[in-house]
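Participant: Provided herewith: start23.txt, compact mmCIF, C-alpha atoms.
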```
# COMPACT_ATOMS: atom_id res chain seq x y z
CA MET A 823 95.85 155.82 163.28
CA LYS A 824 92.95 156.34 160.85
CA ASN A 825 92.03 153.55 158.51
CA GLN A 826 91.60 154.00 154.76
CA GLN A 827 87.83 154.49 154.87
CA GLU A 828 88.13 157.46 157.23
CA ILE A 829 90.54 159.51 155.08
CA ASN A 830 88.93 162.28 153.03
CA ILE A 831 92.01 164.03 151.67
CA SER A 832 95.46 162.91 150.53
CA ILE A 833 98.29 165.43 150.22
CA ILE A 834 101.28 164.50 148.10
CA THR A 835 104.60 166.33 148.15
CA VAL A 836 107.33 165.51 145.63
CA SER A 837 110.87 166.39 146.68
CA TYR A 838 114.42 166.25 145.45
CA ASN A 839 117.31 167.92 147.31
CA SER A 840 114.81 170.16 149.11
CA GLU A 841 116.53 170.47 152.48
CA GLU A 842 116.15 174.27 152.54
CA THR A 843 112.39 174.37 152.04
CA ILE A 844 110.69 171.05 152.79
CA SER A 845 110.40 171.67 156.55
CA ASN A 846 108.19 174.69 155.86
CA SER A 847 105.95 172.60 153.60
CA ILE A 848 105.61 169.77 156.13
CA ASP A 849 105.02 172.21 159.00
CA SER A 850 102.19 173.85 157.05
CA VAL A 851 100.53 170.43 156.72
CA LEU A 852 100.90 169.77 160.45
CA ARG A 853 99.34 173.16 161.26
CA GLN A 854 96.07 172.30 159.51
CA THR A 855 92.91 172.73 161.59
CA SER A 856 91.63 169.49 160.05
CA SER A 857 93.21 166.11 160.81
CA ASN A 858 91.13 163.90 158.50
CA PHE A 859 93.85 163.46 155.88
CA GLU A 860 97.01 161.59 155.03
CA TYR A 861 100.35 162.97 153.95
CA ILE A 862 102.56 161.29 151.36
CA ILE A 863 106.07 162.37 150.35
CA ILE A 864 107.65 161.01 147.18
CA ASP A 865 111.36 161.77 147.27
CA GLY A 866 113.56 161.32 144.21
CA ASN A 867 116.48 159.80 146.13
CA SER A 868 117.80 163.13 147.42
CA LYS A 869 121.53 163.50 148.00
CA ASP A 870 121.30 166.22 150.67
CA LYS A 871 119.58 166.17 154.11
CA THR A 872 116.03 166.02 152.70
CA LEU A 873 115.45 162.40 153.66
CA SER A 874 116.63 162.84 157.27
CA ILE A 875 114.27 165.83 157.59
CA ILE A 876 111.38 163.74 156.24
CA LYS A 877 112.11 160.95 158.73
CA SER A 878 112.29 163.41 161.65
CA TYR A 879 108.57 164.20 161.28
CA GLU A 880 107.29 160.64 161.70
CA LYS A 881 106.66 160.96 165.43
CA LYS A 882 104.85 164.31 165.09
CA PHE A 883 102.36 162.84 162.63
CA GLU A 884 101.97 159.77 164.79
CA GLU A 885 101.11 161.97 167.80
CA ARG A 886 98.34 163.62 165.79
CA GLN A 887 97.18 160.23 164.47
CA ILE A 888 97.68 161.32 160.87
CA ARG A 889 98.79 158.73 158.32
CA TYR A 890 102.29 159.70 157.13
CA GLN A 891 104.24 157.73 154.55
CA TRP A 892 107.19 158.40 152.31
CA ILE A 893 109.13 156.80 149.49
CA SER A 894 112.66 157.69 148.41
CA GLU A 895 113.83 156.27 145.07
CA ASN A 896 114.84 157.39 141.60
CA ASP A 897 112.07 158.60 139.31
CA LYS A 898 111.63 159.82 135.74
CA GLY A 899 110.60 163.35 136.63
CA ILE A 900 107.87 165.15 138.53
CA GLY A 901 105.03 163.54 136.57
CA ASP A 902 106.32 160.08 137.37
CA ALA A 903 106.73 161.04 141.05
CA TRP A 904 103.17 162.43 141.23
CA ASN A 905 101.85 159.23 139.66
CA LYS A 906 103.64 157.18 142.34
CA GLY A 907 101.88 159.24 144.98
CA LEU A 908 98.50 158.81 143.30
CA LYS A 909 98.98 155.05 143.24
CA ILE A 910 99.20 154.81 147.04
CA ALA A 911 96.83 157.65 147.95
CA ASN A 912 93.73 156.63 149.94
CA GLY A 913 91.84 159.94 150.00
CA ASN A 914 88.76 160.78 147.96
CA ILE A 915 90.35 164.04 146.89
CA ILE A 916 94.03 164.78 146.37
CA GLY A 917 96.16 167.90 146.74
CA LEU A 918 99.69 168.25 145.38
CA LEU A 919 101.87 170.51 147.52
CA ASN A 920 105.29 171.40 146.11
CA ALA A 921 108.31 171.01 148.38
CA ASP A 922 108.87 174.78 148.43
CA ASP A 923 105.20 175.77 148.90
CA ILE A 924 103.05 175.95 152.02
CA TYR A 925 99.33 175.78 152.79
CA SER A 926 97.43 178.35 154.84
CA PHE A 927 96.36 176.73 158.10
CA LYS A 928 92.66 176.42 157.15
CA THR A 929 93.21 174.99 153.68
CA LEU A 930 92.04 171.45 154.38
CA GLU A 931 89.14 172.64 156.53
CA ILE A 932 87.93 174.72 153.57
CA VAL A 933 88.18 171.72 151.23
CA GLU A 934 86.39 169.46 153.73
CA ASN A 935 83.52 171.94 154.04
CA ALA A 936 83.15 171.90 150.25
CA LEU A 937 83.10 168.09 150.27
CA LYS A 938 80.35 168.10 152.91
CA LYS A 939 78.12 169.85 150.37
CA GLY A 940 78.32 166.74 148.21
CA ILE A 941 80.59 168.27 145.59
CA ASN A 942 83.00 165.46 144.79
CA SER A 943 83.42 165.56 141.02
CA LYS A 944 84.82 169.08 140.54
CA ILE A 945 88.39 170.31 140.72
CA PHE A 946 88.71 172.84 143.52
CA TYR A 947 91.25 175.62 143.17
CA GLY A 948 92.22 178.53 145.37
CA GLU A 949 94.39 181.58 145.68
CA CYS A 950 98.15 181.53 145.17
CA LYS A 951 100.45 184.08 146.78
CA PHE A 952 103.96 184.17 145.34
CA ILE A 953 106.82 184.50 147.82
CA LYS A 954 110.32 185.84 147.34
CA ASN A 955 112.70 186.58 150.23
CA ASN A 956 109.85 185.94 152.72
CA GLU A 957 107.69 188.61 151.12
CA ILE A 958 104.48 188.36 149.12
CA VAL A 959 105.39 189.82 145.73
CA SER A 960 102.25 188.99 143.73
CA VAL A 961 98.88 187.26 144.02
CA ASN A 962 96.95 185.01 141.64
CA ASN A 963 93.28 184.89 142.60
CA LYS A 964 91.59 184.95 139.21
CA LYS A 965 88.41 183.02 138.55
CA PHE A 966 88.67 180.42 135.78
CA ASN A 967 87.23 181.71 132.53
CA PRO A 968 87.19 179.24 129.59
CA GLN A 969 87.21 182.17 127.17
CA ASN A 970 90.71 183.09 128.41
CA ILE A 971 92.14 179.57 128.33
CA LEU A 972 94.61 180.59 125.60
CA ARG A 973 96.39 182.66 128.26
CA GLY A 974 96.15 179.96 130.92
CA PHE A 975 93.75 178.72 133.59
CA GLY A 976 94.13 181.80 135.78
CA PHE A 977 95.02 179.70 138.84
CA THR A 978 98.01 177.61 139.85
CA HIS A 979 98.03 173.84 140.10
CA THR A 980 99.52 173.85 143.61
CA THR A 981 96.21 175.30 144.90
CA CYS A 982 94.15 172.48 143.35
CA PHE A 983 92.38 169.55 144.98
CA VAL A 984 91.36 166.89 142.47
CA PRO A 985 88.87 164.07 143.21
CA LYS A 986 90.28 160.58 142.68
CA LYS A 987 87.39 159.85 140.30
CA VAL A 988 88.70 162.62 138.01
CA TYR A 989 92.05 160.80 137.72
CA HIS A 990 90.13 157.61 136.93
CA LYS A 991 88.26 159.45 134.19
CA VAL A 992 91.06 161.52 132.69
CA GLY A 993 94.16 159.50 133.52
CA ASN A 994 97.29 160.32 135.51
CA PHE A 995 100.10 162.72 134.62
CA ASN A 996 101.85 162.49 131.26
CA THR A 997 105.47 161.49 131.96
CA ASN A 998 106.50 162.56 128.44
CA THR A 999 105.69 166.21 129.22
CA LYS A 1000 108.85 168.07 130.20
CA ILE A 1001 107.69 171.20 132.07
CA ALA A 1002 103.93 171.83 131.71
CA VAL A 1003 103.04 168.53 133.38
CA ASP A 1004 100.36 170.07 135.57
CA THR A 1005 98.68 172.25 132.96
CA GLU A 1006 98.64 169.43 130.40
CA PHE A 1007 96.67 167.39 132.94
CA LEU A 1008 94.29 170.30 133.56
CA LEU A 1009 93.74 170.69 129.81
CA ARG A 1010 92.72 167.03 129.57
CA CYS A 1011 90.30 167.61 132.46
CA TYR A 1012 88.83 170.61 130.68
CA LYS A 1013 88.55 168.65 127.43
CA GLU A 1014 86.64 165.89 129.28
CA GLY A 1015 84.17 168.40 130.71
CA VAL A 1016 85.42 168.41 134.32
CA GLN A 1017 84.13 171.46 136.20
CA PHE A 1018 86.35 173.86 138.16
CA GLU A 1019 85.22 175.60 141.36
CA GLN A 1020 87.02 178.38 143.21
CA LEU A 1021 87.44 178.13 146.99
CA SER A 1022 89.11 180.45 149.49
CA ASN A 1023 92.11 178.23 150.29
CA ILE A 1024 95.54 179.85 149.99
CA THR A 1025 98.84 178.34 148.89
CA TYR A 1026 102.07 180.29 149.30
CA MET A 1027 104.34 179.46 146.38
CA GLY A 1028 108.07 180.10 146.36
CA LEU A 1029 109.33 181.71 143.16
CA GLY A 1030 112.28 180.21 141.34
CA GLY A 1031 110.91 176.77 140.41
CA VAL A 1032 111.33 175.13 136.99
CA SER A 1033 108.11 176.60 135.58
CA ASP A 1034 109.21 180.06 136.75
CA ARG A 1035 112.80 179.81 135.49
CA LYS A 1036 111.68 178.36 132.14
CA ALA A 1037 108.42 180.27 131.82
CA LYS A 1038 108.57 180.68 128.04
CA LYS A 1039 109.26 176.98 127.38
CA ALA A 1040 106.52 175.98 129.84
CA TYR A 1041 103.98 178.30 128.20
CA PHE A 1042 104.85 177.18 124.68
CA GLU A 1043 104.49 173.57 125.81
CA TYR A 1044 101.06 174.50 127.20
CA LEU A 1045 100.13 176.04 123.82
CA PHE A 1046 101.33 172.88 122.08
CA TYR A 1047 98.84 170.80 124.09
CA LEU A 1048 96.05 173.33 123.50
CA GLU A 1049 96.44 172.63 119.80
CA LYS A 1050 97.09 168.90 120.16
CA LEU A 1051 93.91 168.41 122.20
CA LYS A 1052 92.03 170.54 119.64
CA ILE A 1053 90.95 173.06 122.25
CA LYS A 1054 92.39 175.89 120.12
CA THR A 1055 93.20 176.09 116.42
CA SER A 1056 96.69 176.24 114.96
CA ASN A 1057 96.20 179.88 113.92
CA GLU A 1058 95.09 180.91 117.40
CA VAL A 1059 98.13 179.24 118.94
CA LYS A 1060 100.51 180.85 116.42
CA LYS A 1061 99.13 184.33 117.13
CA GLN A 1062 99.47 183.77 120.87
CA LYS A 1063 103.09 182.64 120.45
CA VAL A 1064 103.89 185.86 118.60
CA PHE A 1065 102.19 187.95 121.27
CA TYR A 1066 104.01 186.17 124.11
CA SER A 1067 107.37 186.40 122.32
CA ILE A 1068 106.93 190.20 122.18
CA TYR A 1069 105.89 190.36 125.82
CA TYR A 1070 108.50 187.98 127.24
CA PRO A 1071 111.57 190.32 127.12
CA PHE A 1072 109.62 192.79 129.29
CA ARG A 1073 108.48 190.13 131.78
CA SER A 1074 111.42 190.53 134.16
CA ILE A 1075 111.09 194.33 134.04
CA LEU A 1076 107.39 194.23 134.88
CA ARG A 1077 108.11 191.87 137.78
CA ASN A 1078 111.03 193.92 139.09
CA LYS A 1079 110.86 194.59 142.83
CA TYR A 1080 111.87 198.24 142.56
CA LEU A 1081 109.35 198.97 139.82
CA ARG A 1082 106.66 197.34 141.95
CA LEU A 1083 107.60 199.46 144.96
CA ALA A 1084 107.71 202.62 142.83
CA LEU A 1085 104.23 201.94 141.45
CA ARG A 1086 102.94 201.32 144.96
CA GLN A 1087 104.40 204.62 146.15
CA PHE A 1088 102.85 206.38 143.15
CA LYS A 1089 99.45 204.94 144.08
CA HIS A 1090 99.77 206.40 147.59
CA TYR A 1091 100.57 209.82 146.11
CA LEU A 1092 97.47 209.59 143.92
CA VAL A 1093 95.28 208.78 146.94
CA PHE A 1094 96.85 211.69 148.83
CA ILE A 1095 96.10 214.09 145.95
CA TYR A 1096 92.58 212.68 145.66
CA ASN A 1097 91.87 213.45 149.33
CA LEU A 1098 93.45 216.90 149.02
CA ILE A 1099 91.25 217.83 146.04
CA TYR A 1100 88.15 216.64 147.86
CA TYR A 1101 89.07 218.71 150.92
CA VAL A 1102 89.53 222.02 149.03
CA LEU A 1103 86.43 221.83 146.84
CA PRO A 1104 84.18 224.67 148.11
CA SER A 1105 80.71 223.06 148.00
CA PHE A 1106 79.01 219.72 148.41
CA TYR A 1107 77.73 219.94 144.86
CA LEU A 1108 81.31 220.00 143.55
CA LYS A 1109 82.47 217.42 146.08
CA ASN A 1110 79.75 214.95 145.09
CA LEU A 1111 80.37 215.61 141.39
CA PHE A 1112 84.07 214.85 141.96
CA LEU A 1113 83.25 211.59 143.79
CA LYS A 1114 80.85 210.45 141.07
CA THR A 1115 83.37 211.25 138.34
CA CYS A 1116 85.94 209.08 140.10
CA GLY A 1117 83.58 206.11 140.51
CA ILE A 1118 81.96 206.57 143.93
CA LYS A 1119 78.16 206.33 144.09
CA ILE A 1120 76.51 208.97 146.29
CA GLY A 1121 72.77 209.62 146.52
CA LYS A 1122 70.64 212.76 146.66
CA LYS A 1123 71.06 215.11 149.64
CA SER A 1124 73.91 213.01 151.02
CA SER A 1125 77.07 214.67 152.28
CA ILE A 1126 80.55 213.49 153.19
CA HIS A 1127 82.13 216.28 155.18
CA PRO A 1128 85.69 217.63 154.89
CA ARG A 1129 88.60 215.92 156.66
CA VAL A 1130 87.13 212.52 155.79
CA ILE A 1131 89.90 210.25 154.49
CA PHE A 1132 89.29 207.91 151.55
CA TYR A 1133 91.62 204.95 150.94
CA LYS A 1134 90.64 204.62 147.26
CA TRP A 1135 88.71 206.51 144.60
CA ASP A 1136 86.02 203.87 144.14
CA ASN A 1137 84.49 200.92 146.10
CA LEU A 1138 82.07 203.18 148.00
CA SER A 1139 78.30 203.39 147.58
CA VAL A 1140 76.26 205.87 149.66
CA GLY A 1141 72.45 206.11 149.53
CA ASN A 1142 70.17 209.15 149.83
CA ASN A 1143 69.96 211.56 152.80
CA THR A 1144 73.06 210.12 154.47
CA VAL A 1145 75.66 212.11 156.37
CA ILE A 1146 79.26 211.16 157.12
CA ASN A 1147 80.76 213.74 159.45
CA ALA A 1148 84.21 215.28 159.59
CA GLY A 1149 87.23 213.24 160.63
CA CYS A 1150 85.89 209.84 159.54
CA ARG A 1151 88.17 207.31 157.86
CA LEU A 1152 86.72 205.21 155.03
CA ASP A 1153 88.92 202.25 154.18
CA ASN A 1154 87.29 201.48 150.84
CA ARG A 1155 90.00 199.08 149.62
CA ALA A 1156 87.15 196.55 149.69
CA LYS A 1157 83.62 197.76 149.10
CA ILE A 1158 81.73 199.86 151.64
CA THR A 1159 77.95 200.01 151.07
CA ILE A 1160 75.99 202.58 153.08
CA GLY A 1161 72.19 202.90 152.80
CA ASP A 1162 69.67 205.77 153.04
CA ASN A 1163 69.34 208.09 156.06
CA VAL A 1164 72.47 206.79 157.74
CA SER A 1165 74.14 209.03 160.29
CA ILE A 1166 77.85 208.49 160.90
CA ALA A 1167 79.30 210.85 163.50
CA HIS A 1168 82.75 212.39 163.82
CA ASN A 1169 85.98 210.37 163.79
CA THR A 1170 84.38 207.00 163.08
CA GLN A 1171 86.71 204.60 161.31
CA ILE A 1172 85.37 201.97 158.91
CA TYR A 1173 87.92 199.32 157.91
CA THR A 1174 87.56 196.73 155.18
CA ALA A 1175 91.12 195.38 155.22
CA GLY A 1176 93.72 194.24 157.70
CA HIS A 1177 96.40 191.63 158.22
CA ASP A 1178 95.95 187.93 158.91
CA ILE A 1179 97.80 187.45 162.20
CA ASN A 1180 97.90 183.68 161.63
CA SER A 1181 99.49 183.93 158.20
CA PRO A 1182 103.21 183.11 158.04
CA TYR A 1183 103.58 186.14 155.78
CA PHE A 1184 101.19 188.50 157.61
CA ASP A 1185 99.27 188.93 154.37
CA MET A 1186 96.43 191.35 153.87
CA ILE A 1187 92.81 190.22 153.95
CA SER A 1188 89.78 192.29 152.99
CA LYS A 1189 86.03 191.98 153.51
CA GLU A 1190 83.11 194.17 152.51
CA VAL A 1191 81.31 196.34 155.09
CA VAL A 1192 77.56 196.99 154.80
CA ILE A 1193 75.63 199.64 156.76
CA GLU A 1194 71.89 199.53 156.11
CA ASP A 1195 69.18 202.23 156.08
CA TYR A 1196 68.59 204.39 159.18
CA ALA A 1197 71.65 203.06 161.01
CA CYS A 1198 73.09 205.53 163.50
CA ILE A 1199 76.78 205.39 164.39
CA PHE A 1200 77.88 207.82 167.06
CA SER A 1201 81.35 209.39 167.29
CA ASN A 1202 84.71 207.64 167.59
CA CYS A 1203 83.49 204.17 166.67
CA LEU A 1204 85.58 201.48 165.00
CA ILE A 1205 83.91 199.23 162.41
CA MET A 1206 85.96 196.16 161.52
CA PRO A 1207 86.19 194.29 158.15
CA GLY A 1208 83.28 192.06 157.14
CA VAL A 1209 80.74 193.65 159.50
CA LYS A 1210 77.11 194.19 158.54
CA ILE A 1211 75.20 196.82 160.54
CA GLY A 1212 71.48 196.15 160.19
CA LYS A 1213 68.62 198.50 159.38
CA GLY A 1214 68.01 201.08 162.10
CA ALA A 1215 70.84 199.74 164.28
CA VAL A 1216 72.58 202.07 166.74
CA VAL A 1217 76.26 202.02 167.69
CA TYR A 1218 77.14 204.09 170.76
CA SER A 1219 80.26 206.27 170.95
CA GLY A 1220 83.63 204.58 171.26
CA SER A 1221 82.34 201.12 170.34
CA VAL A 1222 84.46 198.57 168.50
CA VAL A 1223 82.18 196.57 166.18
CA THR A 1224 83.63 193.16 165.31
CA LYS A 1225 80.40 191.23 164.57
CA ASN A 1226 77.18 191.79 162.64
CA ILE A 1227 74.49 193.89 164.33
CA PRO A 1228 70.84 192.84 163.83
CA ASP A 1229 68.18 195.23 162.57
CA TYR A 1230 67.30 197.87 165.20
CA GLY A 1231 69.85 196.49 167.64
CA VAL A 1232 71.58 198.94 170.00
CA VAL A 1233 75.20 198.11 170.80
CA GLY A 1234 78.04 199.56 172.84
CA GLY A 1235 81.41 198.66 174.27
CA ASN A 1236 84.68 197.06 173.23
CA PRO A 1237 83.88 194.67 171.71
CA ALA A 1238 80.39 195.98 170.99
CA LYS A 1239 77.54 193.97 172.54
CA ILE A 1240 73.75 194.21 172.33
CA ILE A 1241 72.43 196.46 175.09
CA GLY A 1242 68.96 197.27 173.78
CA LYS A 1243 66.49 197.59 170.91
CA ARG A 1244 65.47 200.65 168.90
CA GLU A 1245 61.97 201.80 167.89
CA LYS A 1246 61.19 200.43 164.42
CA LYS A 1247 58.88 203.17 163.17
CA LEU A 1248 61.50 205.46 161.58
CA SER A 1249 60.50 207.92 158.85
CA TYR A 1250 62.95 210.85 159.06
CA ASN A 1251 65.08 212.19 156.21
CA LEU A 1252 68.56 213.46 157.06
CA ASN A 1253 70.02 216.54 155.40
CA TYR A 1254 73.20 217.98 156.86
CA SER A 1255 74.78 219.50 153.75
CA PHE A 1256 76.24 222.51 155.52
CA HIS A 1257 79.69 223.24 154.22
CA LYS A 1258 82.28 223.90 156.97
CA ALA A 1259 79.89 222.52 159.62
CA LEU A 1260 81.64 221.18 162.71
```
Have the structure of the file written as C-alpha cells, please.

Facilitator:
Amino acid sequence: MKNQQEINISIITVSYNSEETISNSIDSVLRQTSSNFEYIIIDGNSKDKTLSIIKSYEKKFEERQIRYQWISENDKGIGDAWNKGLKIANGNIIGLLNADDIYSFKTLEIVENALKKGINSKIFYGECKFIKNNEIVSVNNKKFNPQNILRGFGFTHTTCFVPKKVYHKVGNFNTNTKIAVDTEFLLRCYKEGVQFEQLSNITYMGLGGVSDRKAKKAYFEYLFYLEKLKIKTSNEVKKQKVFYSIYYPFRSILRNKYLRLALRQFKHYLVFIYNLIYYVLPSFYLKNLFLKTCGIKIGKKSSIHPRVIFYKWDNLSVGNNTVINAGCRLDNRAKITIGDNVSIAHNTQIYTAGHDINSPYFDMISKEVVIEDYACIFSNCLIMPGVKIGKGAVVYSGSVVTKNIPDYGVVGGNPAKIIGKREKKLSYNLNYSFHKAL
C-alpha cells in the first residue's frame, strides 16, 4: 500500500442510495491506467445496498495496492460530504466523481502527465459526455471563456481536478448553497484569480441528477453568486434571468431525443445533396467555385474528380496543383489539410474520425489529417485519423497508414511500414483538370 507522500491524486465520490450506479463509477476508477492515486467514498448513510457494494471492492483495491477508504454517516448535503472527503484526502490534486458518473480509462494518466509539467496551481477541466439510456446524447467540450461567464463556465465540475493548494487559498465548499455548490466554488476560484486549463480527460455524466432536474433553480442560484461576488452587476444578472426564463420552457423540446435524431437525419440528407450537386456540375471551374462557396479551400489548378465523397461541406484545405482522383472518400468531419502538388490516386480513403473501442459508450473520436507537399498516395490506400504524411512521402497501393510518415519516406503494407526513401529534388507541377477523366 502506498504511503501518503507517494499519492499524487485523490478521487472522492459522494453517494446516497446509489446502488444502481455506484458500481460503474468504482469500476471506472479501477480501470485507470495510472495507479498513483487514492479513492475515497463518502456515503450519506444509504438505506439501500450501496454500502455493501462499496465494501465488496475493498479486496480489488488492495490487490492493486491502491489506497481505498470510505465513510458512511449522515451529512448536511453534498457540500458537507465533499468537505469531509477533502479533510482526509492525501493527494496533491483532487477529483470529485459523482456516484452516477464514470471516468474514461486514461483520465488519471492525462492528469498525471499535466502534473509532471510542473503545473500544480491551476484547475484542470476536461470534456463531459452526457449519458441517457446508455447512449451519448450530448457533449460539453467548450473552452473556458471569462467573457461568457454569465452563461456558465462552459465545462462541468465532475471533469475538474483541483490542487489542494487551491482549496487552501479559496476555502472548501459552501454548505449553505442548496444546488449550485460546485459552481459557487468555481466562482470563488475565478474571483481569486485561479487559472483554468483544459485537458483531454473525459467524464461520462448520467443525466437526471439534482442540477439537471432543477436546472432553472441551479442557474438562478449561480447568477445570485455572480452578483454577490461582484463578478457581474445587478443589471447584467437581471437581464440574464429574463433571457433564461424565456428560453427555459423550450429547453426540454430542444433536448428531445426525437428532435435530435431528426436533425441528425436532416444533416445526412444535406451532405447527400451536397455530394450530388458536386457530382453533376459540368466543369472543374464550377466545382471549385461550389467548394469555395461552401467553405472548402482549394488552390489554383487543383482538381477533385467526380465520385469523390465528402463527409462535410467544410474542414478541407487543398493547396495548388493537387489532384484527388475519382472514387476517393474524404472524411472531413475533422480537418484534412493537403499541400501543393499532392497526387492522391483512385479509391483512397482518408478518415479523420472513428470510434474509441475502449470507451464504455463506443464514442466517436476525431483527429486532423495532414498531407504535405509532393506526397504521392497510390490507389486503394487507407489513411487513418491523426496521421501526418510528410513532404514528398510515397504510399504504395493498398497500404493502411496508421502512423506518421517522415518526409520523403516510402511506405507499403498493412500496417504501412518504411520500405525506402524518395529522391528529394522534386520540382514538378501537377495539373490533371480533365473533366470525366478515368

Participant: Considering only C-alpha atoms, return as number ranges by chain whatever protein or nucleic-acid residues lie within 9 Å of Ser926 in chain A, sequence-local ones (same chain, fewer than 3 positions apart) excluded.

Facilitator: A: 850-851, 853-854, 929-930, 1023-1026, 1180-1182

Participant: May I ask for the distance between CA of Ser943 in chain A and CA of Glu1043 in chain A, given in Å to one decimal place?

Facilitator: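 The value is 27.2 Å.
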
Participant: Check the smallest atom-to-atom distance from each of A:Gln1171, A:Ser1022, A:Gln887, A:Asn1147 to Gly1220 in chain A using all atoms listed in the file, then report the winner.

Facilitator: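 Answer, going by the shortest atom-to-atom distance: A:Gln1171.
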
Participant: One number please: CA of Ile1068 in chain A to CA of Asn962 in chain A, in Å, one decimal.

Facilitator: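 Computed distance, CA of Ile1068 in chain A to CA of Asn962 in chain A, equals 22.5 Å.
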
Participant: Would you list the contacts of range 1129-1137 of chain A as a JSON list (two decimals) with C-alpha atoms, keeping the file's coordinate frame, taking every protein, DNA or RNA residue within 9 Å and counting all atoms listed in the file, but skipping same-chain residues closer than 2 positions in sequence?

Facilitator:
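Output file out27.json is given in full below:
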```json
[["chain", "number", "residue", "atom", "x", "y", "z"],
["A", 1090, "HIS", "CA", 99.77, 206.40, 147.59],
["A", 1093, "VAL", "CA", 95.28, 208.78, 146.94],
["A", 1094, "PHE", "CA", 96.85, 211.69, 148.83],
["A", 1096, "TYR", "CA", 92.58, 212.68, 145.66],
["A", 1097, "ASN", "CA", 91.87, 213.45, 149.33],
["A", 1100, "TYR", "CA", 88.15, 216.64, 147.86],
["A", 1101, "TYR", "CA", 89.07, 218.71, 150.92],
["A", 1113, "LEU", "CA", 83.25, 211.59, 143.79],
["A", 1114, "LYS", "CA", 80.85, 210.45, 141.07],
["A", 1116, "CYS", "CA", 85.94, 209.08, 140.10],
["A", 1117, "GLY", "CA", 83.58, 206.11, 140.51],
["A", 1118, "ILE", "CA", 81.96, 206.57, 143.93],
["A", 1119, "LYS", "CA", 78.16, 206.33, 144.09],
["A", 1126, "ILE", "CA", 80.55, 213.49, 153.19],
["A", 1127, "HIS", "CA", 82.13, 216.28, 155.18],
["A", 1139, "SER", "CA", 78.30, 203.39, 147.58],
["A", 1146, "ILE", "CA", 79.26, 211.16, 157.12],
["A", 1147, "ASN", "CA", 80.76, 213.74, 159.45],
["A", 1148, "ALA", "CA", 84.21, 215.28, 159.59],
["A", 1149, "GLY", "CA", 87.23, 213.24, 160.63],
["A", 1150, "CYS", "CA", 85.89, 209.84, 159.54],
["A", 1151, "ARG", "CA", 88.17, 207.31, 157.86],
["A", 1152, "LEU", "CA", 86.72, 205.21, 155.03],
["A", 1153, "ASP", "CA", 88.92, 202.25, 154.18],
["A", 1154, "ASN", "CA", 87.29, 201.48, 150.84],
["A", 1155, "ARG", "CA", 90.00, 199.08, 149.62],
["A", 1156, "ALA", "CA", 87.15, 196.55, 149.69],
["A", 1157, "LYS", "CA", 83.62, 197.76, 149.10],
["A", 1158, "ILE", "CA", 81.73, 199.86, 151.64],
["A", 1159, "THR", "CA", 77.95, 200.01, 151.07],
["A", 1169, "ASN", "CA", 85.98, 210.37, 163.79]]
```

Participant: What gap, in Å, lies between CA of Val1223 in chain A and CA of Tyr1183 in chain A?

Facilitator: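 Distance reported for this atom pair: 26.0 Å.
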
Participant: Determine, counting all atoms listed in the file, which protein, DNA and RNA residues have an atom within 7 Å of an atom of Asn1143 in chain A; residues of the same chain fewer than 4 positions away are not included. Present the result as JSON, numbers by chain.

Facilitator: {"A": [1122, 1123, 1124, 1162, 1163, 1251, 1252, 1253]}

Participant: What's around Phe1256 in chain A at 10 Å? Count all atoms listed in the file, leave out sequence neighbours fewer than 6 positions away in its own chain, and write the answer as a PyMOL selection string.

Facilitator: chain A and resi 1105-1106+1125+1127

Participant: Quick one: residues within 7 Å of Tyr861 in chain A, all atoms listed in the file counted, chain neighbours fewer than 4 positions away excluded, as a ChimeraX atom specification?

Facilitator: /A:832-834,889-891

Participant: Enclose all atoms of range 1099-1109 of chain A listed in the file in an axis-aligned box, grow every side by 4 Å, and hand back centre and edge lengths in Å to one decimal, as JSON.

Facilitator:
```
{"center_x": 84.5, "center_y": 220.7, "center_z": 147.2, "size_x": 21.5, "size_y": 16.0, "size_z": 15.4}
```

Participant: Hey, which of A:Thr1224, A:Thr1174, A:Thr843, A:Ser856 ends up closest to Pro1237 in chain A? Count only C-alpha atoms.

Facilitator: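 So, comparing all the options, the nearest one is A:Thr1224.
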
Participant: From the coordinates supplied, range 1051-1060 of chain A should be written with N, CA and C atoms, as an mmCIF file, in the first residue's frame.

Facilitator:
```cif
data_model
loop_
_atom_site.group_PDB
_atom_site.id
_atom_site.type_symbol
_atom_site.label_atom_id
_atom_site.label_comp_id
_atom_site.auth_asym_id
_atom_site.auth_seq_id
_atom_site.Cartn_x
_atom_site.Cartn_y
_atom_site.Cartn_z
ATOM 1 N N LEU A 1051 -20.656 38.007 -5.472
ATOM 2 C CA LEU A 1051 -19.195 38.086 -5.508
ATOM 3 C C LEU A 1051 -18.693 39.262 -6.345
ATOM 4 N N LYS A 1052 -19.662 40.051 -6.863
ATOM 5 C CA LYS A 1052 -19.367 41.255 -7.647
ATOM 6 C C LYS A 1052 -18.573 40.948 -8.916
ATOM 7 N N ILE A 1053 -18.875 39.779 -9.481
ATOM 8 C CA ILE A 1053 -18.278 39.428 -10.776
ATOM 9 C C ILE A 1053 -19.094 40.059 -11.898
ATOM 10 N N LYS A 1054 -20.428 40.119 -11.687
ATOM 11 C CA LYS A 1054 -21.335 40.777 -12.630
ATOM 12 C C LYS A 1054 -22.248 41.735 -11.870
ATOM 13 N N THR A 1055 -22.718 42.750 -12.582
ATOM 14 C CA THR A 1055 -23.579 43.757 -11.951
ATOM 15 C C THR A 1055 -25.004 43.241 -11.810
ATOM 16 N N SER A 1056 -25.779 43.919 -11.006
ATOM 17 C CA SER A 1056 -27.177 43.563 -10.789
ATOM 18 C C SER A 1056 -27.974 43.630 -12.087
ATOM 19 N N ASN A 1057 -27.721 44.646 -12.903
ATOM 20 C CA ASN A 1057 -28.440 44.786 -14.175
ATOM 21 C C ASN A 1057 -28.119 43.650 -15.130
ATOM 22 N N GLU A 1058 -26.849 43.259 -15.189
ATOM 23 C CA GLU A 1058 -26.458 42.151 -16.063
ATOM 24 C C GLU A 1058 -27.144 40.854 -15.637
ATOM 25 N N VAL A 1059 -27.207 40.625 -14.343
ATOM 26 C CA VAL A 1059 -27.840 39.413 -13.829
ATOM 27 C C VAL A 1059 -29.336 39.433 -14.111
ATOM 28 N N LYS A 1060 -29.994 40.568 -13.929
ATOM 29 C CA LYS A 1060 -31.427 40.673 -14.192
ATOM 30 C C LYS A 1060 -31.753 40.385 -15.655
#
```
